[in-house]
Structure formats: structure tokens, C-alpha cells
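Have a look at query_10.cif below; it lists mmCIF, C-alpha atoms.
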data_structure
#
loop_
_atom_site.label_atom_id
_atom_site.label_comp_id
_atom_site.auth_asym_id
_atom_site.auth_seq_id
_atom_site.Cartn_x
_atom_site.Cartn_y
_atom_site.Cartn_z
CA MET A 50 21.75 164.06 79.35
CA VAL A 51 20.44 161.89 76.52
CA SER A 52 22.26 158.62 76.06
CA ARG A 53 23.10 157.72 72.50
CA PRO A 54 22.87 154.14 71.28
CA ALA A 55 26.13 152.32 71.00
CA LEU A 56 27.44 152.14 67.45
CA PRO A 57 28.80 148.88 66.06
CA ASP A 58 32.52 148.64 65.58
CA ARG A 59 33.62 149.75 62.14
CA PRO A 60 35.67 147.34 60.07
CA ALA A 61 39.23 148.27 59.32
CA ALA A 62 39.97 150.06 56.07
CA GLY A 63 40.02 147.67 53.14
CA ALA A 64 38.56 144.82 55.17
CA GLN A 65 35.68 142.88 53.69
CA PRO A 66 32.66 142.49 55.97
CA VAL A 67 31.92 138.92 56.92
CA SER A 68 28.26 138.02 57.03
CA CYS A 69 27.27 135.13 59.26
CA PRO A 70 23.65 134.09 59.67
CA ILE A 71 22.26 134.45 63.18
CA LEU A 72 20.80 131.15 64.29
CA PRO A 73 17.59 131.06 66.29
CA ALA A 74 17.31 129.20 69.56
CA HIS A 75 18.07 125.50 69.09
CA GLY A 76 19.38 126.48 65.66
CA ALA A 77 21.98 123.73 65.56
CA SER A 78 19.30 121.12 64.96
CA HIS A 79 18.18 123.04 61.86
CA LEU A 80 21.59 123.34 60.24
CA ARG A 81 22.01 122.00 56.76
CA GLY A 82 24.13 118.89 56.43
CA ARG A 83 27.08 120.70 54.87
CA ASP A 84 27.02 123.32 57.65
CA ARG A 85 27.28 120.85 60.51
CA LEU A 86 30.66 120.71 62.21
CA TYR A 87 31.09 116.94 62.08
CA VAL A 88 30.40 116.93 58.32
CA ARG A 89 33.04 119.58 57.74
CA ILE A 90 35.61 117.77 59.88
CA TYR A 91 34.81 114.45 58.23
CA PHE A 92 35.15 115.74 54.66
CA ALA A 93 38.27 117.72 55.59
CA LEU A 94 39.78 114.47 56.88
CA LEU A 95 38.77 112.59 53.72
CA GLY A 96 40.10 115.39 51.51
CA GLY A 97 43.44 115.35 53.31
CA LEU A 98 43.59 111.57 53.04
CA LEU A 99 42.87 111.64 49.29
CA LEU A 100 45.48 114.34 48.77
CA VAL A 101 48.10 112.27 50.58
CA ALA A 102 47.13 109.19 48.54
CA ALA A 103 47.36 111.15 45.27
CA LEU A 104 50.78 112.54 46.16
CA PHE A 105 52.01 109.11 47.19
CA PHE A 106 50.78 107.55 43.95
CA ALA A 107 52.38 110.31 41.86
CA VAL A 108 55.72 109.92 43.62
CA TRP A 109 55.50 106.14 43.29
CA ARG A 110 54.75 106.38 39.54
CA TRP A 111 57.68 108.73 39.00
CA SER A 112 60.00 106.37 40.89
CA ALA A 113 58.64 103.37 38.94
CA SER A 114 59.21 105.14 35.61
CA GLN A 115 62.87 105.67 36.51
CA HIS A 116 63.25 101.96 37.24
CA GLU A 117 61.42 101.05 33.98
CA ARG A 118 63.78 103.22 31.94
CA ALA A 119 66.80 101.49 33.47
CA ALA A 120 65.20 98.10 32.81
CA PHE A 121 64.47 98.95 29.13
CA ASP A 122 68.09 100.04 28.61
CA ALA A 123 69.27 96.74 30.11
CA TYR A 124 66.91 94.77 27.84
CA ALA A 125 68.26 96.67 24.80
CA GLU A 126 71.87 95.81 25.72
CA LEU A 127 70.89 92.16 26.17
CA ALA A 128 69.09 92.06 22.79
CA THR A 129 72.14 93.59 21.10
CA GLU A 130 74.30 90.74 22.47
CA VAL A 131 72.00 87.81 21.52
CA LEU A 132 70.86 88.94 18.06
CA PRO A 133 73.07 88.89 14.94
CA GLY A 134 74.62 92.24 14.05
CA SER A 135 73.18 94.60 11.47
CA GLY A 136 75.71 93.29 8.87
CA ALA A 137 74.49 89.69 9.16
CA PRO A 138 72.44 88.20 6.30
CA ALA A 139 68.68 88.75 6.51
CA PRO A 140 67.89 84.97 6.74
CA ALA A 141 70.21 84.68 9.75
CA GLN A 142 68.52 87.60 11.49
CA GLN A 143 65.08 86.15 10.66
CA GLN A 144 66.03 82.75 12.05
CA ALA A 145 67.45 84.20 15.27
CA LEU A 146 64.38 86.42 15.75
CA GLU A 147 61.99 83.52 15.29
CA GLY A 148 63.97 81.39 17.76
CA TRP A 149 63.83 84.03 20.49
CA ALA A 150 60.15 84.72 19.81
CA ARG A 151 59.32 81.04 20.35
CA ARG A 152 61.39 80.82 23.51
CA MET A 153 59.87 83.99 25.01
CA GLY A 154 56.33 83.52 23.64
CA VAL A 155 56.17 87.05 22.19
CA GLN A 156 55.76 88.81 18.88
CA LEU A 157 58.99 90.43 17.67
CA THR A 158 59.71 92.77 14.78
CA LEU A 159 63.19 94.05 13.86
CA TYR A 160 63.68 97.34 12.00
CA GLY A 161 66.89 98.64 10.48
CA VAL A 162 68.67 101.88 11.27
CA HIS A 163 66.58 103.82 8.73
CA GLY A 164 63.29 102.18 9.66
CA ALA A 165 63.25 99.40 7.06
CA LEU A 166 61.69 96.08 8.05
CA VAL A 167 64.45 93.48 8.57
CA ALA A 168 62.67 90.50 10.16
CA HIS A 169 59.57 89.62 12.15
CA ALA A 170 58.13 86.71 14.10
CA GLY A 171 54.34 86.72 14.19
CA GLY A 172 52.48 89.74 12.93
CA VAL A 173 54.40 92.83 11.91
CA LEU A 174 54.39 95.39 14.72
CA PRO A 175 54.48 99.13 13.97
CA ALA A 176 57.83 100.90 13.89
CA PRO A 177 58.71 103.60 16.42
CA GLY A 178 58.01 107.15 15.30
CA PRO A 179 60.66 109.85 14.93
CA GLU A 180 59.65 111.33 18.31
CA GLN A 181 60.85 108.19 20.14
CA THR A 182 64.60 108.37 20.67
CA GLN A 183 65.21 105.84 23.45
CA SER A 184 63.95 102.50 24.67
CA GLY A 185 60.54 102.47 26.30
CA TRP A 186 56.84 101.90 25.79
CA LEU A 187 55.65 102.17 22.21
CA ASP A 188 52.02 101.73 23.25
CA ILE A 189 51.37 100.85 26.86
CA GLY A 190 47.70 100.25 26.13
CA SER A 191 48.50 97.44 23.68
CA ALA A 192 51.48 96.18 25.73
CA THR A 193 54.04 97.00 23.00
CA ILE A 194 57.63 98.03 23.78
CA ALA A 195 60.44 99.32 21.58
CA LEU A 196 64.10 98.64 22.37
CA LYS A 197 66.81 100.71 20.67
CA LEU A 198 69.82 98.47 20.05
CA ALA A 199 73.40 99.70 20.29
CA ASP A 200 73.84 99.66 16.46
CA GLY A 201 70.76 101.85 15.88
CA ARG A 202 68.24 99.13 15.02
CA TRP A 203 64.85 98.91 16.77
CA LEU A 204 63.42 95.72 18.24
CA VAL A 205 59.65 95.94 18.79
CA GLY A 206 57.94 93.34 20.98
CA HIS A 207 54.38 92.62 22.08
CA ARG A 208 53.07 90.45 24.88
CA ARG A 209 50.08 90.92 27.14
CA SER A 210 52.14 90.25 30.29
CA PHE A 211 54.21 93.33 29.50
CA VAL A 212 51.41 95.50 30.92
CA PRO A 213 52.49 96.52 34.45
CA ARG A 214 50.03 95.46 37.12
CA GLN A 215 51.70 97.22 40.04
CA PRO A 216 50.04 100.66 39.54
CA LEU A 217 46.61 99.08 39.67
CA GLN A 218 47.54 97.12 42.78
CA VAL A 219 48.95 100.20 44.51
CA ALA A 220 45.92 102.29 43.57
CA GLY A 221 43.61 99.59 44.88
CA LEU A 222 45.56 99.33 48.13
CA LEU A 223 45.37 103.12 48.62
CA ALA A 224 41.64 103.08 47.93
CA LEU A 225 41.17 100.27 50.45
CA ILE A 226 43.13 102.20 53.09
CA ALA A 227 41.10 105.36 52.40
CA PHE A 228 37.85 103.43 52.74
CA ALA A 229 38.95 101.83 56.03
CA VAL A 230 40.06 105.19 57.48
CA SER A 231 36.79 106.84 56.41
CA MET A 232 34.77 104.10 58.12
CA VAL A 233 36.76 104.48 61.35
CA ALA A 234 36.91 108.29 61.27
CA TYR A 235 33.18 108.90 60.93
CA PRO A 236 32.09 107.53 64.34
CA VAL A 237 35.06 109.22 66.03
CA VAL A 238 34.26 112.62 64.51
CA ARG A 239 30.53 112.20 65.10
CA ARG A 240 31.09 111.29 68.76
CA LEU A 241 33.23 114.39 69.26
CA THR A 242 30.73 116.80 67.73
CA LEU A 243 27.81 115.04 69.43
CA ARG A 244 29.36 115.94 72.79
CA LEU A 245 29.62 119.55 71.64
CA GLU A 246 25.96 119.49 70.61
CA LYS A 247 24.98 118.18 74.05
CA LEU A 248 27.00 120.99 75.60
CA GLN A 249 25.18 123.48 73.39
CA VAL A 250 21.81 122.11 74.54
CA SER A 251 22.85 122.58 78.17
CA VAL A 252 24.05 126.13 77.48
CA GLU A 253 20.72 126.98 75.85
CA ALA A 254 18.85 125.40 78.78
CA LEU A 255 20.88 127.48 81.25
CA GLY A 256 20.19 130.60 79.21
CA ALA A 257 16.48 129.76 79.25
CA GLY A 258 16.47 129.73 83.06
CA ASP A 259 17.16 126.10 83.95
CA LEU A 260 19.85 126.66 86.58
CA LYS A 261 20.26 122.92 87.16
CA ALA A 262 21.33 122.27 83.56
CA ARG A 263 24.55 120.23 83.50
CA VAL A 264 26.46 118.22 80.92
CA ASP A 265 28.38 114.94 81.08
CA ALA A 266 32.05 115.80 81.77
CA ASN A 267 33.52 112.30 81.44
CA GLY A 268 36.83 112.11 79.60
CA CYS A 269 40.25 113.74 79.67
CA ASP A 270 40.22 115.78 76.45
CA GLU A 271 39.48 119.45 75.74
CA VAL A 272 35.75 118.83 75.33
CA ALA A 273 35.59 117.20 78.77
CA ARG A 274 37.47 120.16 80.28
CA LEU A 275 35.07 122.54 78.55
CA ALA A 276 32.11 120.58 79.93
CA GLN A 277 33.64 120.62 83.40
CA SER A 278 34.16 124.40 83.19
CA PHE A 279 30.55 124.83 82.12
CA ASN A 280 29.30 122.71 85.03
CA GLU A 281 31.39 124.72 87.48
CA ALA A 282 30.16 128.01 86.03
CA ALA A 283 26.55 126.80 86.08
CA ALA A 284 26.92 125.69 89.71
CA ARG A 285 28.31 129.10 90.68
CA ILE A 286 25.49 130.87 88.87
CA GLU A 287 22.90 128.65 90.55
CA ALA A 288 24.44 129.24 93.98
CA LEU A 289 24.64 132.98 93.37
CA VAL A 290 21.04 133.27 92.17
CA THR A 291 19.79 131.09 95.03
CA SER A 292 21.72 133.17 97.54
CA GLN A 293 20.43 136.41 96.06
CA LYS A 294 16.85 135.14 96.23
CA ALA A 295 17.28 134.08 99.85
CA LEU A 296 18.95 137.40 100.68
CA LEU A 297 16.13 139.34 99.06
CA ALA A 298 13.45 137.32 100.85
CA ASN A 299 15.14 137.63 104.23
CA ALA A 300 15.93 141.30 103.71
CA SER A 301 12.32 142.11 102.89
CA HIS A 302 11.29 140.31 106.08
CA GLU A 303 13.86 142.06 108.27
CA LEU A 304 13.05 145.49 106.84
CA ARG A 305 9.44 145.21 107.99
CA SER A 306 10.32 145.43 111.72
CA PRO A 307 12.08 148.84 111.77
CA LEU A 308 9.67 150.23 109.21
CA ALA A 309 6.70 149.10 111.30
CA ARG A 310 8.18 150.70 114.41
CA ILE A 311 8.84 153.94 112.55
CA ARG A 312 5.30 153.99 111.21
CA MET A 313 3.87 153.35 114.67
CA ALA A 314 6.04 156.04 116.23
CA ILE A 315 4.93 158.55 113.64
CA GLU A 316 1.28 157.70 114.24
CA LEU A 317 1.67 158.03 118.01
CA ALA A 318 3.69 161.23 117.79
CA GLY A 319 0.98 163.35 116.20
CA THR A 320 1.95 166.93 115.58
CA GLN A 321 4.05 167.33 118.75
CA PRO A 322 6.37 164.32 119.09
CA SER A 323 7.90 163.74 122.50
CA ALA A 324 11.60 163.34 123.14
CA SER A 325 11.19 159.57 123.65
CA VAL A 326 9.43 159.19 120.31
CA CYS A 327 12.18 161.15 118.55
CA ALA A 328 14.79 158.98 120.20
CA GLU A 329 12.93 155.85 119.12
CA LEU A 330 12.75 157.17 115.56
CA ARG A 331 16.47 157.90 115.51
CA THR A 332 17.21 154.42 116.85
CA ASN A 333 15.06 152.78 114.22
CA VAL A 334 16.56 154.88 111.43
CA VAL A 335 20.08 153.91 112.56
CA GLU A 336 19.04 150.26 112.68
CA LEU A 337 17.48 150.54 109.24
CA ASP A 338 20.59 152.22 107.84
CA GLN A 339 22.81 149.53 109.37
CA LEU A 340 20.60 146.79 107.96
CA ILE A 341 20.68 148.26 104.46
CA ASP A 342 24.46 148.70 104.66
CA GLU A 343 24.98 145.07 105.72
CA ILE A 344 22.60 143.79 103.04
CA LEU A 345 24.44 145.71 100.32
CA LEU A 346 27.82 144.50 101.57
CA ALA A 347 26.59 140.90 101.76
CA SER A 348 25.29 141.18 98.21
CA ARG A 349 28.59 142.55 96.91
CA LEU A 350 30.59 139.86 98.69
CA GLU A 351 28.30 137.15 97.37
CA SER A 352 28.62 138.39 93.79
CA GLY A 353 32.41 138.74 94.05
CA ALA A 354 32.51 142.52 93.67
CA ALA A 355 34.52 143.08 96.86
CA GLY A 356 37.79 141.76 98.13
CA GLN A 357 39.27 140.90 94.74
CA ALA A 358 43.01 140.30 94.40
CA ASP A 359 43.45 143.57 92.47
CA TYR A 360 42.38 145.57 95.57
CA LEU A 361 44.59 143.85 98.15
CA GLU A 362 47.14 146.08 99.84
CA PRO A 363 49.54 145.82 102.78
CA VAL A 364 47.66 146.05 106.09
CA ASP A 365 48.98 146.41 109.62
CA PHE A 366 46.53 143.87 110.99
CA THR A 367 47.76 144.23 114.56
CA ALA A 368 47.11 147.97 114.58
CA LEU A 369 43.71 147.48 112.95
CA VAL A 370 42.58 144.94 115.58
CA ALA A 371 43.97 147.08 118.39
CA GLU A 372 42.00 150.12 117.19
CA GLU A 373 38.73 148.17 117.09
CA CYS A 374 39.37 146.65 120.51
CA ALA A 375 40.10 150.07 121.98
CA ARG A 376 36.87 151.42 120.48
CA ALA A 377 34.91 148.56 122.06
CA GLY A 378 36.84 148.62 125.34
CA VAL A 379 38.09 145.05 124.93
CA ARG A 380 41.43 143.66 126.15
CA PHE A 381 43.78 142.71 123.29
CA SER A 382 47.11 140.92 123.05
CA GLY A 383 48.94 139.93 119.93
CA ALA A 384 52.12 139.87 117.90
CA GLN A 385 52.98 142.33 115.16
CA ILE A 386 51.42 140.95 111.97
CA ASP A 387 51.30 142.50 108.52
CA LEU A 388 49.26 140.91 105.74
CA ARG A 389 47.75 141.73 102.37
CA GLY A 390 44.04 142.44 102.32
CA GLU A 391 41.27 144.98 101.97
CA PRO A 392 41.41 147.20 105.07
CA ARG A 393 37.72 148.18 105.05
CA LEU A 394 36.55 144.56 104.91
CA LEU A 395 39.03 143.38 107.52
CA ARG A 396 37.89 146.16 109.85
CA ARG A 397 34.27 145.08 109.32
CA LEU A 398 35.26 141.48 110.11
CA VAL A 399 36.85 142.45 113.45
CA ARG A 400 34.03 144.82 114.36
CA ASN A 401 31.33 142.21 113.65
CA LEU A 402 33.10 139.64 115.83
CA LEU A 403 33.38 142.12 118.69
CA ASP A 404 29.75 143.21 118.36
CA ASN A 405 28.61 139.58 118.30
CA GLY A 406 30.62 138.83 121.45
CA ARG A 407 29.19 141.79 123.32
CA ARG A 408 25.60 140.88 122.34
CA HIS A 409 25.73 137.17 123.05
CA GLY A 410 28.63 136.83 125.52
CA GLY A 411 26.38 137.09 128.56
CA GLY A 412 28.04 140.31 129.71
CA SER A 413 31.41 138.60 130.15
CA ALA A 414 34.66 140.32 129.25
CA LEU A 415 35.91 139.52 125.74
CA GLU A 416 39.43 138.27 125.16
CA VAL A 417 41.01 139.00 121.78
CA SER A 418 44.36 137.59 120.67
CA LEU A 419 46.31 137.64 117.41
CA THR A 420 48.91 134.94 116.72
CA VAL A 421 50.77 133.14 113.90
CA PRO A 422 50.14 129.46 114.69
CA HIS A 423 51.30 128.31 111.27
CA MET A 424 53.75 129.70 108.79
CA ASN A 425 52.27 132.49 106.64
CA THR A 426 48.92 132.34 108.49
CA ALA A 427 47.50 134.86 110.96
CA GLN A 428 44.86 133.72 113.46
CA LEU A 429 42.46 136.07 115.25
CA ASP A 430 40.62 134.65 118.29
CA VAL A 431 37.63 136.42 119.88
CA CYS A 432 36.48 134.54 123.01
CA ASP A 433 33.78 135.07 125.61
CA ARG A 434 32.37 133.33 128.69
CA GLY A 435 28.75 133.26 127.56
CA ARG A 436 26.36 130.34 127.57
CA GLY A 437 27.98 128.84 124.46
CA ILE A 438 26.55 127.60 121.18
CA PRO A 439 25.21 124.05 120.68
CA GLU A 440 27.30 121.91 118.37
CA ASN A 441 24.45 121.47 115.87
CA LEU A 442 24.23 125.26 115.40
CA ARG A 443 27.92 126.10 115.00
CA GLU A 444 27.66 126.10 111.23
CA ARG A 445 24.16 127.51 110.92
CA ILE A 446 25.05 130.69 112.82
CA PHE A 447 27.09 131.73 109.74
CA GLU A 448 24.00 131.62 107.51
CA PRO A 449 22.49 135.00 106.58
CA PHE A 450 19.62 136.17 108.86
CA PHE A 451 19.91 133.12 111.12
CA ARG A 452 19.07 133.66 114.78
CA ALA A 453 19.75 131.01 117.36
CA PRO A 454 16.76 129.82 119.42
CA GLY A 455 16.14 132.08 122.39
CA THR A 456 17.62 135.15 120.71
CA ARG A 457 15.36 138.19 121.01
CA GLU A 458 14.99 140.95 118.43
CA GLY A 459 15.85 143.45 121.13
CA ASP A 460 19.30 141.91 121.50
CA GLY A 461 20.34 143.81 118.37
CA GLY A 462 21.63 142.64 115.03
CA VAL A 463 19.79 141.18 112.10
CA GLY A 464 21.68 137.91 111.62
CA LEU A 465 24.13 139.16 108.98
CA GLY A 466 27.20 139.86 111.13
CA LEU A 467 28.68 136.36 111.23
CA ALA A 468 27.65 135.70 107.62
CA LEU A 469 29.71 138.75 106.63
CA VAL A 470 32.62 137.50 108.75
CA ARG A 471 32.67 134.20 106.83
CA SER A 472 32.33 135.95 103.45
CA ILE A 473 35.15 138.40 104.21
CA ALA A 474 37.41 135.62 105.47
CA GLY A 475 36.63 133.62 102.33
CA ARG A 476 37.49 136.59 100.11
CA HIS A 477 40.94 136.59 101.73
CA ASN A 478 41.28 132.82 101.23
CA GLY A 479 40.72 132.33 104.95
CA ARG A 480 38.21 130.51 107.13
CA VAL A 481 36.30 131.08 110.36
CA THR A 482 35.32 128.47 112.95
CA CYS A 483 33.28 128.44 116.12
CA GLN A 484 34.51 126.28 119.00
CA THR A 485 33.50 125.68 122.61
CA ARG A 486 35.90 127.37 125.00
CA PRO A 487 37.36 125.26 127.83
CA GLY A 488 35.70 126.34 131.06
CA GLY A 489 32.59 127.58 129.25
CA GLY A 490 31.92 130.11 126.56
CA THR A 491 32.58 130.42 122.84
CA CYS A 492 35.68 131.20 120.81
CA PHE A 493 35.54 132.43 117.20
CA SER A 494 38.80 131.84 115.28
CA VAL A 495 39.62 133.45 111.93
CA ALA A 496 42.66 132.16 109.99
CA ILE A 497 43.87 134.34 107.10
CA PRO A 498 46.99 133.80 104.93
CA LEU A 499 49.48 136.63 105.27
CA GLY A 500 49.53 137.00 101.49
CA GLY A 501 45.74 137.36 101.43
CA ARG A 502 45.45 134.66 98.70
#

Write out the structure in this file as C-alpha cells.
Amino acid sequence: MVSRPALPDRPAAGAQPVSCPILPAHGASHLRGRDRLYVRIYFALLGGLLLVAALFFAVWRWSASQHERAAFDAYAELATEVLPGSGAPAPAQQQALEGWARRMGVQLTLYGVHGALVAHAGGVLPAPGPEQTQSGWLDIGSATIALKLADGRWLVGHRRSFVPRQPLQVAGLLALIAFAVSMVAYPVVRRLTLRLEKLQVSVEALGAGDLKARVDANGCDEVARLAQSFNEAAARIEALVTSQKALLANASHELRSPLARIRMAIELAGTQPSASVCAELRTNVVELDQLIDEILLASRLESGAAGQADYLEPVDFTALVAEECARAGVRFSGAQIDLRGEPRLLRRLVRNLLDNGRRHGGGSALEVSLTVPHMNTAQLDVCDRGRGIPENLRERIFEPFFRAPGTREGDGGVGLGLALVRSIAGRHNGRVTCQTRPGGGTCFSVAIPLGGR
């Protein structure tokens, strides 16, 4: 059957394709300034700050204009009270206007109801146009105001101090705040994205084969958590690759022995093999098959492909242990215990412990017990009366392909049995220990939670 290349996913109907340039390795260092993340965050922050400042200034100006209108109306009422009425003689209005102009230090011009010039103090100021119907600024640029009196006359005044200074002060204050925030925000944003760039460098180094690549995970924010997750993932990958390399090296070494014996038996057999040669060949083939099976299982356990939570099921652990003990002819005592686990792996765990006890127990009778020493925890004990294991080797015996000093190849096993026991127990969130038995011998104890996790 010819395999067809996988087709890219098609975009949904009506959707516009999004093109994104593919960066080469270490492409982040070649990004244009506007494409860098910290530049985008920085300018987005400045843009938001300027928008807030503009909205604040607009709202402030609208509020100030409402107050100005109320103030102009109050000034118009006051001017109506202090100036002579429209029916007063022109000299009287001129005299009053000049008096108030001197007292206030301003230029004043008074126009009648129909726009005729009535009086003025200083230069004559322009009259309001027909479009102006209420008191307010006549020309804010020249600091000229027009007040509509209650009798319909217009009083026009000019003084430089009339120009409001508050808008300029507020605008300057907002600009100063924006500048201060921009100066503080830049190092903060740059520090954040710099940590992301360092994380990217470590990711690229790990992808290039540097399994020891790590990144600084100091801090309590999301970037620190991301860095910590990367370090944990990198450590798991390094441990997995290292374990696979060691497994491959040891497996290649262990495979040579049965293969060499098979080759020698074939050479000695000639065309008419004897019964002993055939038996030797069958023994070596069985040993080779067992070795390959244990290597494959160890590899799957190491990579996490076996014993996952999705495959756990209820297991009658007491019945399982009893069956294996009956097969091996070993005495067993234990309580009724049900737990969640993977039956095939748990059976392999029990079988490996029994096989190990028979090989290295010095011919003594094995004693197997199953108890619940702690709540929600099952404990399996496999004990013998052999010569025991030195304290400095009680952890090393769980390493793949490890053989204790004095162990002969003819004793059977390839050094994977106890390593598989520890891996299977670990997959069920359990642990295995090796202790010296009182009175001599060794006791292997496996503790597994009843829930399996």
C-alpha cells in the first residue's frame, strides 16, 4: 500500500489565510525592531496611556467650559447692576465705564441693543457678531470677552490675564506623567521579554541536542513558571535519553552471550545435531526471547508508554499473588486486597520477585505475605533466608543489568528483573525497598496505593 503525503488543513469557507514568515534558527535576534515583542508591548502601553490622557483632557475641557459659561453669566449680571441703564445719558455711561476700566485695569467697550457704540475706555473693541447670542469668549486668542447684559446691551472687555492658563498646566502635567510612565515602563517590559528570549535560546539549544540546556527560573510570575516547566521537561528528556542509551548499550552487551552460545552450538552440531545440542539451542533461544521481552518492557516503562492512569482497572491483587505463588510452589498468606492497576504489569512484578528469590535465596523456602499496614496502601513482602545483600548494594540492585559481585551468568537472569519491579511499582505510584531480614536473609517490600495513583 502506498502512503500518501498528509495534506495541510484547509481553511474554513470565507476565512482569509494568514501568512506568517517562518523564522530560521536563532531568528529572534534578526527580528526588525517593530516586530520584537517588547517594542510592541511598550508602544501598546504608550498608546493606551496617550488615549487615556486625551480622553481625560477632553472631559476636563468640557467640564471647564460649563463652569466658564456659568461664570460669564454671573459677570453679565454683575455688570448690569453696576453700570447705568440703557436709558441713562451717554456721558454718564461713558464716565461709569471709564471708572470701572481704571479700577479693573482693562479695556472696555459698551454697545447698544442694536450694535451702536455707546461708550469705550481705551481702544474701541470689536462688537460681537450676529452668531454670538450669549456671554462668552469673543476671541480667546486675543483674550477678549463679550458679556450680554440683561437689557440687551453688550459689554466687550480685553485683558491679557483673561486667557485661561489651566488647560496648558493640565496638558503639561499629563505630558509629564506620560513621560515618567514611559521611562519606568521600558525597563520593566524589556526585562520581561528578555527572560522570554533567554527561554527561547534554551529551547533552541535543547532542540539542537544540548540536553543540559536550562534556564533561570527565579521569580513567581508566569514566565518563571514557564521556565520551571521547561527545566522539568528538559530534565525528563535528558533522563529518558540517558536511560535509553544505557539500556541500548547494556542490551547489546547482554545479547552477545546467548547469540555466541547459539553460534557455537550450530558450529558444533554439524549436519546431525545431538539431543544435547538441540536442548542447548532451545534453552538459549528461550533466554534470548526472555531478554528481548524484558528489554522491550523496560523501554516502554521508561518512556511512559505502559501503566498509564487510563489503563488502570480493578484488580484482585490477592488472587493474582496467590496464582503466581502456586505456580512457583511458594507459601503465601495474605488478606483480601483489591486495588486499581494494570494486571499484566502487576503479575510481572510478582513473578520477577519470586524468580529473584529462587535464584538468589540460597535454596531457602520463600515466604510471601500481603498486608495493609497503612490506610489505602497494600504491601507485598517476598522474603528469603539467603546470604543477604550488602547495604551499599541495596539500591544498585534495582539498576538495569546490574549483577551483584559473585553472581554467575549461569544463575539465570540478565539483571532486568528488579529494575522492572521498581519501574512497575513507580507506574502505580508505589515504591520497592530491600531490607535485611532478622535472622538472616533478604526481604523485598513493595508498597502500592489501593487506588493505583

Practice task
Tell me which protein, DNA and RNA residues are within 12 Å of region 228-244 of chain A, counting only C-alpha atoms, leaving out same-chain ones fewer than 5 positions away, and put them as number ranges by chain.
Solution key: A: 77-78, 85-99, 102, 221-223, 249-251, 264-268, 270-276

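The closest residue to Trp186 (chain A), picked from A:Trp111, A:Phe366, A:Phe121, A:Phe106 and counting all atoms listed in the file, is A:Phe121.
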
Exercise for the section: Apply the PyMOL selection byres ((chain A and resi 489) around 8) to the structure shown and report the selected residues as an MDAnalysis selection string. Expected result: chainID A and resid 434:437 485:488 490:491

Would you put the residues from that selection into a file with C-alpha atoms, as a short mmCIF file (atom, residue, chain, number, x, y, z; two decimals), keeping the file's coordinate frame?
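Dumped everything to part-v9.cif:
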data_model
loop_
_atom_site.label_atom_id
_atom_site.label_comp_id
_atom_site.auth_asym_id
_atom_site.auth_seq_id
_atom_site.Cartn_x
_atom_site.Cartn_y
_atom_site.Cartn_z
CA ARG A 434 32.37 133.33 128.69
CA GLY A 435 28.75 133.26 127.56
CA ARG A 436 26.36 130.34 127.57
CA GLY A 437 27.98 128.84 124.46
CA THR A 485 33.50 125.68 122.61
CA ARG A 486 35.90 127.37 125.00
CA PRO A 487 37.36 125.26 127.83
CA GLY A 488 35.70 126.34 131.06
CA GLY A 490 31.92 130.11 126.56
CA THR A 491 32.58 130.42 122.84
#

Exercise for the section: Identify, on the basis of only C-alpha atoms, every residue whose closest approach to Leu255 (chain A) does not exceed 12 Å; exclude the query and any residue fewer than 4 positions from it along the same chain; express the result as a PyMOL selection string. Expected result: chain A and resi 248-251+259-264+279-280+282-284+286-287

Kindly export the residues of the current selection with C-alpha atoms, as a compact mmCIF listing (two decimals), in the frame of the given file.
# COMPACT_ATOMS: atom_id res chain seq x y z
CA LEU A 248 27.00 120.99 75.60
CA GLN A 249 25.18 123.48 73.39
CA VAL A 250 21.81 122.11 74.54
CA SER A 251 22.85 122.58 78.17
CA ASP A 259 17.16 126.10 83.95
CA LEU A 260 19.85 126.66 86.58
CA LYS A 261 20.26 122.92 87.16
CA ALA A 262 21.33 122.27 83.56
CA ARG A 263 24.55 120.23 83.50
CA VAL A 264 26.46 118.22 80.92
CA PHE A 279 30.55 124.83 82.12
CA ASN A 280 29.30 122.71 85.03
CA ALA A 282 30.16 128.01 86.03
CA ALA A 283 26.55 126.80 86.08
CA ALA A 284 26.92 125.69 89.71
CA ILE A 286 25.49 130.87 88.87
CA GLU A 287 22.90 128.65 90.55

Practice task
Please indicate the distance in Å from CA of Asp365 (chain A) to CA of Ser382 (chain A), rounded to one decimal place.
Solution key: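 Going from CA of Asp365 (chain A) over to CA of Ser382 (chain A) covers 14.6 Å.
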
Exercise for the section: Please tell me which residues are no farther than 12 Å from (67.1, 88.0, 10.5) in the file, counting all atoms listed in the file, and write them as a list of chain:residue names. Expected result: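 Those within range, by chain then number, are A:Leu132, A:Pro133, A:Gly134, A:Ser135, A:Gly136, A:Ala137, A:Pro138, A:Ala139, A:Pro140, A:Ala141, A:Gln142, A:Gln143, A:Gln144, A:Ala145, A:Leu146, A:Glu147, A:Gly148, A:Trp149, A:Leu157, A:Thr158, A:Leu159, A:Tyr160, A:Gly161, A:Leu166, A:Val167, A:Ala168, A:His169, A:Ala170, A:Leu204.
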
Handout entry: For Ile341 (chain A), the nearest of the candidates A:Cys483, A:Ile497, A:Leu196, A:Leu465, counting all atoms listed in the file
Key =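 Using all atoms listed in the file, the shortest distance to Ile341 (chain A) belongs to A:Leu465.
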
Completion exercise
Correct to one decimal, the distance CA of Arg407 (chain A)-CA of Gln293 (chain A) is 29.1 Å

Problem - Counting only C-alpha atoms, the option among A:Gly383, A:Gly164, A:Gly256, A:Pro175 closest to Ala368 (chain A) - result: A:Gly383

Problem - Separation of CA of Leu499 (chain A) from CA of Asn425 (chain A) in Å - result: 5.2 Å

Problem - Residues returned when the PyMOL selection byres ((chain A and resi 413-419) around 9) runs on this file, as number ranges by chain - result: A: 366-367, 370, 374, 379-386, 403, 406-407, 410-412, 420-421, 427-435

Problem - Minimum-distance residue to His163 (chain A), chosen among A:Met424, A:Ala176, A:Ala288, A:Cys269 (using all atoms listed in the file) - result: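 Residue with the minimum atom-to-atom distance to His163 (chain A): A:Ala176.
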
How big is the axis-aligned box, and where does its centre sit, when it encloses all atoms of region 249-259 of chain A listed in the file and has 4 Å added on every side, reported in Å to one decimal as AutoDock Vina command-line options?
--center_x 20.8 --center_y 126.4 --center_z 78.7 --size_x 16.7 --size_y 16.5 --size_z 18.6

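Across A:Pro422, A:Pro363, A:Gly171, A:Gly154, the tightest approach to Pro392 (chain A) is made by A:Pro363 when counting all atoms listed in the file.
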
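Using all atoms listed in the file, the nearest neighbour of Ala309 (chain A) within the list A:Leu442, A:Val155, A:Leu398, A:Leu330 is A:Leu330.
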
Practice task
Quick one: everything within 12 Å of Arg400 (chain A), counting all atoms listed in the file, minus sequence neighbours fewer than 3 positions away in the same chain. Send it as a list of chain:residue names.
Solution key: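 Residues meeting the cut-off are A:Leu369, A:Val370, A:Ala371, A:Glu372, A:Glu373, A:Cys374, A:Ala375, A:Arg376, A:Ala377, A:Gly378, A:Val379, A:Arg393, A:Leu394, A:Leu395, A:Arg396, A:Arg397, A:Leu403, A:Asp404, A:Asn405, A:Gly406, A:Arg407, A:Val417, A:Val431, A:Gly466, A:Leu467, A:Leu469, A:Val470.
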